[in-house]
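Participant: The structure is given below, and queries will be raised subsequently.
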Amino acid sequence: PPSQVNTAAPDFDLPNLAGGKTSLASYRGKVVVVDFWATWCGPCIEEIPGYIALQKKYGPDGLVIVGVSMDRRGPAHVKQFAQAKGMNYTLVMGDEAVVEAFGSFQAIPTTFLISRDGRILNQKTGAAPAEEYEKLVQAALK
C-alpha cells in the first residue's frame with residue numbers, strides 16, 4: 001500500500017479503556033504517536049517500555065502516545081495487560097475501519113508519528129530501537 005507520509009492523518013473516535021471514546025482530533029496541537037499493536041504480538045510488546053519512557057519524558061512538551069489495540073479479546077483483557085506492564089499512555093480499541101483509514105497496512109506493530117498540525121510525519125512497520133524513534137519524536141516536537 002502507498003505510504004501515508006505527508007498526508008493528513010485520518011481522524012478516529014475509538015473506545016478507550018475507561019469506557020469513553022478517544023478521538024485523534026482532540027489532540028490537535030500536540031505531537032501524537034499512534035501505535036497499532038496487540039497483547040499477543042511479540043515485537044509490539046518489546047516496544048512498550050520505550051513508549052512508556054517517551055511518554056514520561058516528552059509528555060510535558062506536548063507528546064501524546066495512543067496505543068490502538070487490535071486485540072479481539074476486548075478492553076478488559078487489554079486493561080489487565082496494560083496495568084501489568086505499567087503502560088502510562090492512552091489505549092483505545094481498534095477495528096478494521098481504522099486500519100483501512102490508515103492505509104490498510106498488513107503488519108503490527110505499525111506506528112504513525114503525527115505532527116502538531118495533524119500530518120503524518122513518519123510511518124514504521126515492525127519494532128525499531130527506542131533511541132532511533134526518540135530522535136524522530138524530538139524533531140517533531142521542535
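FYI, nothing fancy with the C-alpha cells labels: chains A, B, ... in order, residues from 1 per chain, ligands from 1 as they appear.
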Give me every strand (DSSP E or B) residue in chain A, going by DSSP on the backbone, as a ChimeraX atom specification.

Facilitator: /A:8,13-16,21-23,31-37,63-69,90-93,110-114,119-125

Participant: Could you write out the selected residues, including N, CA, C and O atoms, as a compact mmCIF listing (two decimals), in the first residue's frame?

Facilitator:
# COMPACT_ATOMS: atom_id res chain seq x y z
N ALA A 8 -2.67 14.10 5.50
CA ALA A 8 -3.36 14.41 6.75
C ALA A 8 -3.74 13.10 7.44
O ALA A 8 -4.22 12.17 6.78
N ASP A 13 -12.39 7.95 16.26
CA ASP A 13 -13.12 8.11 17.51
C ASP A 13 -13.33 6.70 18.03
O ASP A 13 -14.25 6.02 17.61
N LEU A 14 -12.41 6.24 18.88
CA LEU A 14 -12.40 4.83 19.25
C LEU A 14 -12.64 4.65 20.74
O LEU A 14 -12.31 5.52 21.55
N PRO A 15 -13.23 3.50 21.12
CA PRO A 15 -13.48 3.24 22.54
C PRO A 15 -12.16 3.14 23.31
O PRO A 15 -11.25 2.44 22.88
N ASN A 16 -12.06 3.88 24.42
CA ASN A 16 -10.87 3.77 25.26
C ASN A 16 -11.16 2.81 26.42
O ASN A 16 -12.27 2.31 26.57
N LYS A 21 -14.77 7.50 24.75
CA LYS A 21 -14.20 7.47 23.40
C LYS A 21 -13.01 8.43 23.35
O LYS A 21 -12.98 9.43 24.08
N THR A 22 -12.06 8.13 22.50
CA THR A 22 -10.90 9.00 22.30
C THR A 22 -10.82 9.32 20.82
O THR A 22 -10.83 8.41 19.99
N SER A 23 -10.74 10.62 20.50
CA SER A 23 -10.62 11.00 19.09
C SER A 23 -9.24 11.58 18.85
O SER A 23 -8.66 12.22 19.73
N VAL A 31 2.02 16.56 19.41
CA VAL A 31 2.63 15.53 18.56
C VAL A 31 2.07 14.19 19.05
O VAL A 31 2.10 13.90 20.24
N VAL A 32 1.54 13.40 18.12
CA VAL A 32 0.88 12.15 18.52
C VAL A 32 1.57 10.95 17.87
O VAL A 32 1.83 10.95 16.66
N VAL A 33 1.88 9.96 18.68
CA VAL A 33 2.34 8.67 18.18
C VAL A 33 1.14 7.73 18.23
O VAL A 33 0.56 7.53 19.29
N VAL A 34 0.72 7.22 17.07
CA VAL A 34 -0.38 6.26 17.03
C VAL A 34 0.23 4.89 16.72
O VAL A 34 0.73 4.66 15.62
N ASP A 35 0.20 4.03 17.73
CA ASP A 35 0.85 2.72 17.62
C ASP A 35 -0.20 1.62 17.56
O ASP A 35 -0.94 1.41 18.52
N PHE A 36 -0.29 0.95 16.42
CA PHE A 36 -1.19 -0.20 16.28
C PHE A 36 -0.46 -1.43 16.81
O PHE A 36 0.63 -1.77 16.32
N TRP A 37 -1.04 -2.09 17.80
CA TRP A 37 -0.35 -3.17 18.50
C TRP A 37 -1.37 -4.19 19.01
O TRP A 37 -2.57 -4.01 18.83
N LEU A 63 3.84 15.65 23.83
CA LEU A 63 3.76 14.35 23.17
C LEU A 63 2.60 13.54 23.76
O LEU A 63 2.43 13.47 24.98
N VAL A 64 1.82 12.93 22.87
CA VAL A 64 0.75 12.03 23.30
C VAL A 64 0.96 10.71 22.56
O VAL A 64 1.09 10.69 21.34
N ILE A 65 1.01 9.62 23.32
CA ILE A 65 1.09 8.31 22.68
C ILE A 65 -0.26 7.63 22.82
O ILE A 65 -0.85 7.60 23.90
N VAL A 66 -0.77 7.13 21.69
CA VAL A 66 -2.04 6.41 21.67
C VAL A 66 -1.78 5.01 21.13
O VAL A 66 -1.36 4.85 19.98
N GLY A 67 -1.98 4.02 21.97
CA GLY A 67 -1.85 2.63 21.53
C GLY A 67 -3.20 2.14 21.05
O GLY A 67 -4.18 2.17 21.81
N VAL A 68 -3.26 1.73 19.79
CA VAL A 68 -4.52 1.21 19.23
C VAL A 68 -4.44 -0.31 19.26
O VAL A 68 -3.73 -0.92 18.46
N SER A 69 -5.15 -0.91 20.20
CA SER A 69 -5.08 -2.36 20.38
C SER A 69 -5.93 -3.07 19.34
O SER A 69 -7.11 -2.77 19.17
N THR A 90 -2.39 6.54 26.57
CA THR A 90 -3.77 6.28 26.19
C THR A 90 -3.89 5.01 25.34
O THR A 90 -3.13 4.83 24.39
N LEU A 91 -4.84 4.17 25.70
CA LEU A 91 -5.08 2.96 24.92
C LEU A 91 -6.53 2.95 24.43
O LEU A 91 -7.44 3.26 25.20
N VAL A 92 -6.69 2.62 23.17
CA VAL A 92 -8.02 2.53 22.57
C VAL A 92 -8.14 1.19 21.85
O VAL A 92 -7.13 0.54 21.55
N MET A 93 -9.37 0.78 21.58
CA MET A 93 -9.62 -0.47 20.88
C MET A 93 -9.82 -0.19 19.39
O MET A 93 -10.71 0.57 19.02
N THR A 110 2.49 -1.32 13.57
CA THR A 110 2.66 -0.25 12.60
C THR A 110 2.39 1.04 13.38
O THR A 110 1.40 1.12 14.11
N THR A 111 3.30 1.99 13.24
CA THR A 111 3.28 3.18 14.09
C THR A 111 3.37 4.43 13.24
O THR A 111 4.18 4.50 12.32
N PHE A 112 2.52 5.39 13.55
CA PHE A 112 2.47 6.66 12.82
C PHE A 112 2.85 7.79 13.75
O PHE A 112 2.37 7.85 14.89
N LEU A 113 3.71 8.69 13.26
CA LEU A 113 4.08 9.88 14.01
C LEU A 113 3.35 11.05 13.36
O LEU A 113 3.49 11.28 12.16
N ILE A 114 2.55 11.76 14.14
CA ILE A 114 1.67 12.80 13.61
C ILE A 114 2.07 14.16 14.18
O ILE A 114 2.25 14.30 15.39
N ARG A 119 -0.48 16.19 10.41
CA ARG A 119 0.06 15.47 9.25
C ARG A 119 0.89 14.28 9.70
O ARG A 119 1.54 14.33 10.74
N ILE A 120 0.87 13.22 8.89
CA ILE A 120 1.69 12.05 9.19
C ILE A 120 3.13 12.34 8.78
O ILE A 120 3.41 12.62 7.62
N LEU A 121 4.04 12.31 9.75
CA LEU A 121 5.45 12.61 9.51
C LEU A 121 6.25 11.34 9.22
O LEU A 121 7.25 11.38 8.53
N ASN A 122 5.82 10.24 9.82
CA ASN A 122 6.59 9.01 9.70
C ASN A 122 5.66 7.83 9.90
O ASN A 122 4.73 7.89 10.71
N GLN A 123 5.93 6.78 9.13
CA GLN A 123 5.19 5.52 9.29
C GLN A 123 6.22 4.42 9.38
O GLN A 123 7.10 4.34 8.54
N LYS A 124 6.14 3.60 10.44
CA LYS A 124 7.08 2.49 10.50
C LYS A 124 6.34 1.19 10.76
O LYS A 124 5.32 1.17 11.43
N THR A 125 6.89 0.13 10.21
CA THR A 125 6.33 -1.20 10.41
C THR A 125 7.37 -2.02 11.16
O THR A 125 8.54 -1.99 10.80

Participant: Pick out the residues sitting within 12 Å of region 52-58 of chain A, and hand them over as a VMD selection string; count only C-alpha atoms, and ignore anything fewer than 5 positions along from it in its own chain.

Facilitator: chain A and resid 30 to 33 45 to 47 63 to 67 82 85 to 90 130 to 142

Participant: For the residues in that selection, give me N, CA, C and O atoms as a CSV table (one decimal), in the first residue's frame.

Facilitator:
chain,number,residue,atom,x,y,z
A,30,LYS,N,-0.8,18.9,19.5
A,30,LYS,CA,0.2,18.0,20.1
A,30,LYS,C,0.9,17.1,19.1
A,30,LYS,O,0.3,16.9,18.0
A,31,VAL,N,2.0,16.6,19.4
A,31,VAL,CA,2.6,15.5,18.6
A,31,VAL,C,2.1,14.2,19.0
A,31,VAL,O,2.1,13.9,20.2
A,32,VAL,N,1.5,13.4,18.1
A,32,VAL,CA,0.9,12.2,18.5
A,32,VAL,C,1.6,11.0,17.9
A,32,VAL,O,1.8,10.9,16.7
A,33,VAL,N,1.9,10.0,18.7
A,33,VAL,CA,2.3,8.7,18.2
A,33,VAL,C,1.1,7.7,18.2
A,33,VAL,O,0.6,7.5,19.3
A,45,ILE,N,5.2,-5.8,22.0
A,45,ILE,CA,5.5,-5.8,23.5
A,45,ILE,C,6.9,-5.3,23.8
A,45,ILE,O,7.1,-4.6,24.7
A,46,GLU,N,7.8,-5.7,22.9
A,46,GLU,CA,9.2,-5.2,23.0
A,46,GLU,C,9.3,-3.7,23.0
A,46,GLU,O,10.2,-3.1,23.7
A,47,GLU,N,8.4,-3.0,22.3
A,47,GLU,CA,8.4,-1.6,22.2
A,47,GLU,C,7.8,-0.8,23.3
A,47,GLU,O,8.0,0.4,23.5
A,63,LEU,N,3.8,15.7,23.8
A,63,LEU,CA,3.8,14.3,23.2
A,63,LEU,C,2.6,13.5,23.8
A,63,LEU,O,2.4,13.5,25.0
A,64,VAL,N,1.8,12.9,22.9
A,64,VAL,CA,0.7,12.0,23.3
A,64,VAL,C,1.0,10.7,22.6
A,64,VAL,O,1.1,10.7,21.3
A,65,ILE,N,1.0,9.6,23.3
A,65,ILE,CA,1.1,8.3,22.7
A,65,ILE,C,-0.3,7.6,22.8
A,65,ILE,O,-0.9,7.6,23.9
A,66,VAL,N,-0.8,7.1,21.7
A,66,VAL,CA,-2.0,6.4,21.7
A,66,VAL,C,-1.8,5.0,21.1
A,66,VAL,O,-1.4,4.9,20.0
A,67,GLY,N,-2.0,4.0,22.0
A,67,GLY,CA,-1.8,2.6,21.5
A,67,GLY,C,-3.2,2.1,21.1
A,67,GLY,O,-4.2,2.2,21.8
A,82,ALA,N,-2.2,-3.9,30.3
A,82,ALA,CA,-1.6,-2.6,30.4
A,82,ALA,C,-1.2,-2.3,31.9
A,82,ALA,O,-0.2,-1.7,32.1
A,85,LYS,N,1.9,-4.1,32.7
A,85,LYS,CA,3.1,-3.6,32.1
A,85,LYS,C,3.4,-2.1,32.5
A,85,LYS,O,4.4,-1.6,32.1
A,86,GLY,N,2.5,-1.5,33.3
A,86,GLY,CA,2.7,-0.2,33.7
A,86,GLY,C,2.6,0.8,32.6
A,86,GLY,O,3.2,1.9,32.5
A,87,MET,N,1.7,0.6,31.6
A,87,MET,CA,1.5,1.4,30.4
A,87,MET,C,0.9,2.7,30.9
A,87,MET,O,-0.2,2.7,31.4
A,88,ASN,N,1.6,3.9,30.6
A,88,ASN,CA,1.2,5.2,31.1
A,88,ASN,C,0.6,6.0,30.0
A,88,ASN,O,0.5,7.2,30.1
A,89,TYR,N,0.2,5.4,28.9
A,89,TYR,CA,-0.3,6.2,27.8
A,89,TYR,C,-1.7,5.8,27.4
A,89,TYR,O,-2.2,4.7,27.8
A,90,THR,N,-2.4,6.5,26.6
A,90,THR,CA,-3.8,6.3,26.2
A,90,THR,C,-3.9,5.0,25.3
A,90,THR,O,-3.1,4.8,24.4
A,130,ALA,N,14.4,2.1,20.4
A,130,ALA,CA,13.8,3.3,21.1
A,130,ALA,C,14.6,4.5,20.8
A,130,ALA,O,14.0,5.6,20.6
A,131,GLU,N,15.9,4.4,20.8
A,131,GLU,CA,16.7,5.6,20.7
A,131,GLU,C,16.5,6.3,19.3
A,131,GLU,O,16.5,7.5,19.1
A,132,GLU,N,16.4,5.4,18.3
A,132,GLU,CA,16.1,5.9,16.9
A,132,GLU,C,14.8,6.6,16.8
A,132,GLU,O,14.7,7.7,16.3
A,133,TYR,N,13.8,6.0,17.4
A,133,TYR,CA,12.5,6.6,17.3
A,133,TYR,C,12.4,7.9,18.1
A,133,TYR,O,11.7,8.8,17.7
A,134,GLU,N,13.1,7.9,19.2
A,134,GLU,CA,13.2,9.1,20.1
A,134,GLU,C,13.7,10.3,19.3
A,134,GLU,O,13.1,11.4,19.4
A,135,LYS,N,14.6,10.1,18.4
A,135,LYS,CA,15.1,11.2,17.5
A,135,LYS,C,14.0,11.8,16.7
A,135,LYS,O,13.9,13.0,16.5
A,136,LEU,N,13.2,10.9,16.1
A,136,LEU,CA,12.1,11.4,15.3
A,136,LEU,C,11.1,12.2,16.1
A,136,LEU,O,10.6,13.2,15.7
A,137,VAL,N,10.8,11.7,17.3
A,137,VAL,CA,9.9,12.4,18.2
A,137,VAL,C,10.4,13.8,18.6
A,137,VAL,O,9.7,14.8,18.5
A,138,GLN,N,11.7,13.8,18.9
A,138,GLN,CA,12.3,15.1,19.3
A,138,GLN,C,12.2,16.1,18.1
A,138,GLN,O,11.9,17.3,18.4
A,139,ALA,N,12.5,15.7,16.9
A,139,ALA,CA,12.4,16.5,15.7
A,139,ALA,C,11.0,17.1,15.6
A,139,ALA,O,10.7,18.2,15.2
A,140,ALA,N,10.0,16.2,15.8
A,140,ALA,CA,8.6,16.6,15.6
A,140,ALA,C,8.1,17.6,16.7
A,140,ALA,O,7.3,18.5,16.4
A,141,LEU,N,8.7,17.5,17.9
A,141,LEU,CA,8.3,18.4,19.0
A,141,LEU,C,8.9,19.8,18.8
A,141,LEU,O,8.4,20.7,19.4
A,142,LYS,N,10.0,19.9,18.1
A,142,LYS,CA,10.7,21.2,17.9
A,142,LYS,C,9.8,22.3,17.3
A,142,LYS,O,9.1,22.0,16.4

Participant: One number please: CA of Val78 (chain A) to CA of Ser3 (chain A), in Å, one decimal.

Facilitator: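 These atoms are spaced 28.6 Å apart.
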
Participant: Figure out the distance between CA of Met70 (chain A) and CA of Gln106 (chain A), please, to one decimal in Å.

Facilitator: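 Calculated distance between CA of Gln106 (chain A) and CA of Met70 (chain A) is 12.1 Å.
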
Participant: Nearest to Gly50 (chain A): which of A:Pro129, A:Ala18, A:Gly118, A:Val99 is it, counting only C-alpha atoms?

Facilitator: A:Pro129

Participant: Taking the backbone alone, and naming residues the way the document does, which bits of chain A are alpha helix (DSSP H) by DSSP, as JSON, numbers by chain?

Facilitator: {"A": [42, 43, 44, 45, 46, 47, 48, 49, 50, 51, 52, 53, 54, 55, 56, 57, 58, 75, 76, 77, 78, 79, 80, 81, 82, 83, 84, 85, 96, 97, 98, 99, 100, 101, 130, 131, 132, 133, 134, 135, 136, 137, 138, 139, 140, 141]}

Participant: Report as number ranges by chain all protein, DNA and RNA residues lying within 7 Å of Arg28 (chain A), evaluated on only C-alpha atoms, omitting residues in the same chain fewer than 3 positions from it.

Facilitator: A: 25, 116-118

Participant: Create the file for the chosen residues now, containing C-alpha atoms and written as a compact mmCIF listing (two decimals), in the first residue's frame.

Facilitator:
# COMPACT_ATOMS: atom_id res chain seq x y z
CA ALA A 25 -8.81 15.41 16.59
CA ARG A 116 1.01 19.18 15.76
CA ASP A 117 -0.97 20.22 12.69
CA GLY A 118 -2.26 16.71 12.03

Participant: For Cys44 (chain A), find every residue with an atom within 8 Å (counting only C-alpha atoms), except residues of its own chain fewer than 4 positions away, and show them as an MDAnalysis selection string.

Facilitator: chainID A and resid 37:39 48 108:109 126:127

Participant: So that I have them on file, write out the residues from the current selection with all heavy atoms, as a PDB file, in the first residue's frame.

Facilitator:
ATOM      1  N   TRP A  37      -1.040  -2.093  17.799  1.00  0.00           N
ATOM      2  CA  TRP A  37      -0.352  -3.174  18.498  1.00  0.00           C
ATOM      3  C   TRP A  37      -1.365  -4.192  19.007  1.00  0.00           C
ATOM      4  O   TRP A  37      -2.571  -4.013  18.833  1.00  0.00           O
ATOM      5  CB  TRP A  37       0.421  -2.584  19.689  1.00  0.00           C
ATOM      6  CG  TRP A  37      -0.490  -2.146  20.799  1.00  0.00           C
ATOM      7  CD1 TRP A  37      -1.338  -1.085  20.780  1.00  0.00           C
ATOM      8  CD2 TRP A  37      -0.702  -2.801  22.052  1.00  0.00           C
ATOM      9  NE1 TRP A  37      -2.053  -1.021  21.951  1.00  0.00           N
ATOM     10  CE2 TRP A  37      -1.686  -2.059  22.749  1.00  0.00           C
ATOM     11  CE3 TRP A  37      -0.148  -3.930  22.654  1.00  0.00           C
ATOM     12  CZ2 TRP A  37      -2.138  -2.435  24.028  1.00  0.00           C
ATOM     13  CZ3 TRP A  37      -0.599  -4.288  23.938  1.00  0.00           C
ATOM     14  CH2 TRP A  37      -1.575  -3.533  24.604  1.00  0.00           C
ATOM     15  N   ALA A  38      -0.884  -5.254  19.640  1.00  0.00           N
ATOM     16  CA  ALA A  38      -1.763  -6.232  20.295  1.00  0.00           C
ATOM     17  C   ALA A  38      -0.993  -6.926  21.406  1.00  0.00           C
ATOM     18  O   ALA A  38       0.233  -7.004  21.368  1.00  0.00           O
ATOM     19  CB  ALA A  38      -2.256  -7.264  19.286  1.00  0.00           C
ATOM     20  N   THR A  39      -1.730  -7.445  22.375  1.00  0.00           N
ATOM     21  CA  THR A  39      -1.095  -8.081  23.536  1.00  0.00           C
ATOM     22  C   THR A  39      -0.411  -9.393  23.159  1.00  0.00           C
ATOM     23  O   THR A  39       0.449  -9.871  23.879  1.00  0.00           O
ATOM     24  CB  THR A  39      -2.118  -8.382  24.646  1.00  0.00           C
ATOM     25  OG1 THR A  39      -3.126  -9.267  24.127  1.00  0.00           O
ATOM     26  CG2 THR A  39      -2.794  -7.120  25.156  1.00  0.00           C
ATOM     27  N   ILE A  48       6.976  -1.513  24.134  1.00  0.00           N
ATOM     28  CA  ILE A  48       6.203  -0.826  25.177  1.00  0.00           C
ATOM     29  C   ILE A  48       7.080  -0.035  26.158  1.00  0.00           C
ATOM     30  O   ILE A  48       6.790   1.127  26.421  1.00  0.00           O
ATOM     31  CB  ILE A  48       5.255  -1.817  25.901  1.00  0.00           C
ATOM     32  CG1 ILE A  48       4.121  -2.223  24.934  1.00  0.00           C
ATOM     33  CG2 ILE A  48       4.676  -1.212  27.182  1.00  0.00           C
ATOM     34  CD1 ILE A  48       3.241  -3.352  25.439  1.00  0.00           C
ATOM     35  N   ILE A 108       1.522  -5.674  12.321  1.00  0.00           N
ATOM     36  CA  ILE A 108       1.689  -4.853  13.518  1.00  0.00           C
ATOM     37  C   ILE A 108       2.994  -5.290  14.180  1.00  0.00           C
ATOM     38  O   ILE A 108       3.396  -6.438  14.014  1.00  0.00           O
ATOM     39  CB  ILE A 108       0.490  -4.951  14.502  1.00  0.00           C
ATOM     40  CG1 ILE A 108       0.186  -6.401  14.874  1.00  0.00           C
ATOM     41  CG2 ILE A 108      -0.712  -4.248  13.956  1.00  0.00           C
ATOM     42  CD1 ILE A 108      -0.849  -6.536  15.972  1.00  0.00           C
ATOM     43  N   PRO A 109       3.672  -4.418  14.900  1.00  0.00           N
ATOM     44  CA  PRO A 109       3.269  -3.028  15.098  1.00  0.00           C
ATOM     45  C   PRO A 109       3.461  -2.173  13.833  1.00  0.00           C
ATOM     46  O   PRO A 109       4.461  -2.336  13.145  1.00  0.00           O
ATOM     47  CB  PRO A 109       4.220  -2.540  16.197  1.00  0.00           C
ATOM     48  CG  PRO A 109       5.451  -3.391  16.043  1.00  0.00           C
ATOM     49  CD  PRO A 109       4.939  -4.731  15.590  1.00  0.00           C
ATOM     50  N   GLY A 126       6.925  -2.706  12.191  1.00  0.00           N
ATOM     51  CA  GLY A 126       7.850  -3.512  12.987  1.00  0.00           C
ATOM     52  C   GLY A 126       8.476  -2.689  14.092  1.00  0.00           C
ATOM     53  O   GLY A 126       8.325  -1.472  14.140  1.00  0.00           O
ATOM     54  N   ALA A 127       9.164  -3.375  14.974  1.00  0.00           N
ATOM     55  CA  ALA A 127       9.791  -2.710  16.113  1.00  0.00           C
ATOM     56  C   ALA A 127      11.051  -1.979  15.652  1.00  0.00           C
ATOM     57  O   ALA A 127      11.746  -2.437  14.757  1.00  0.00           O
ATOM     58  CB  ALA A 127      10.144  -3.738  17.177  1.00  0.00           C
TER      59      ALA A 127
END
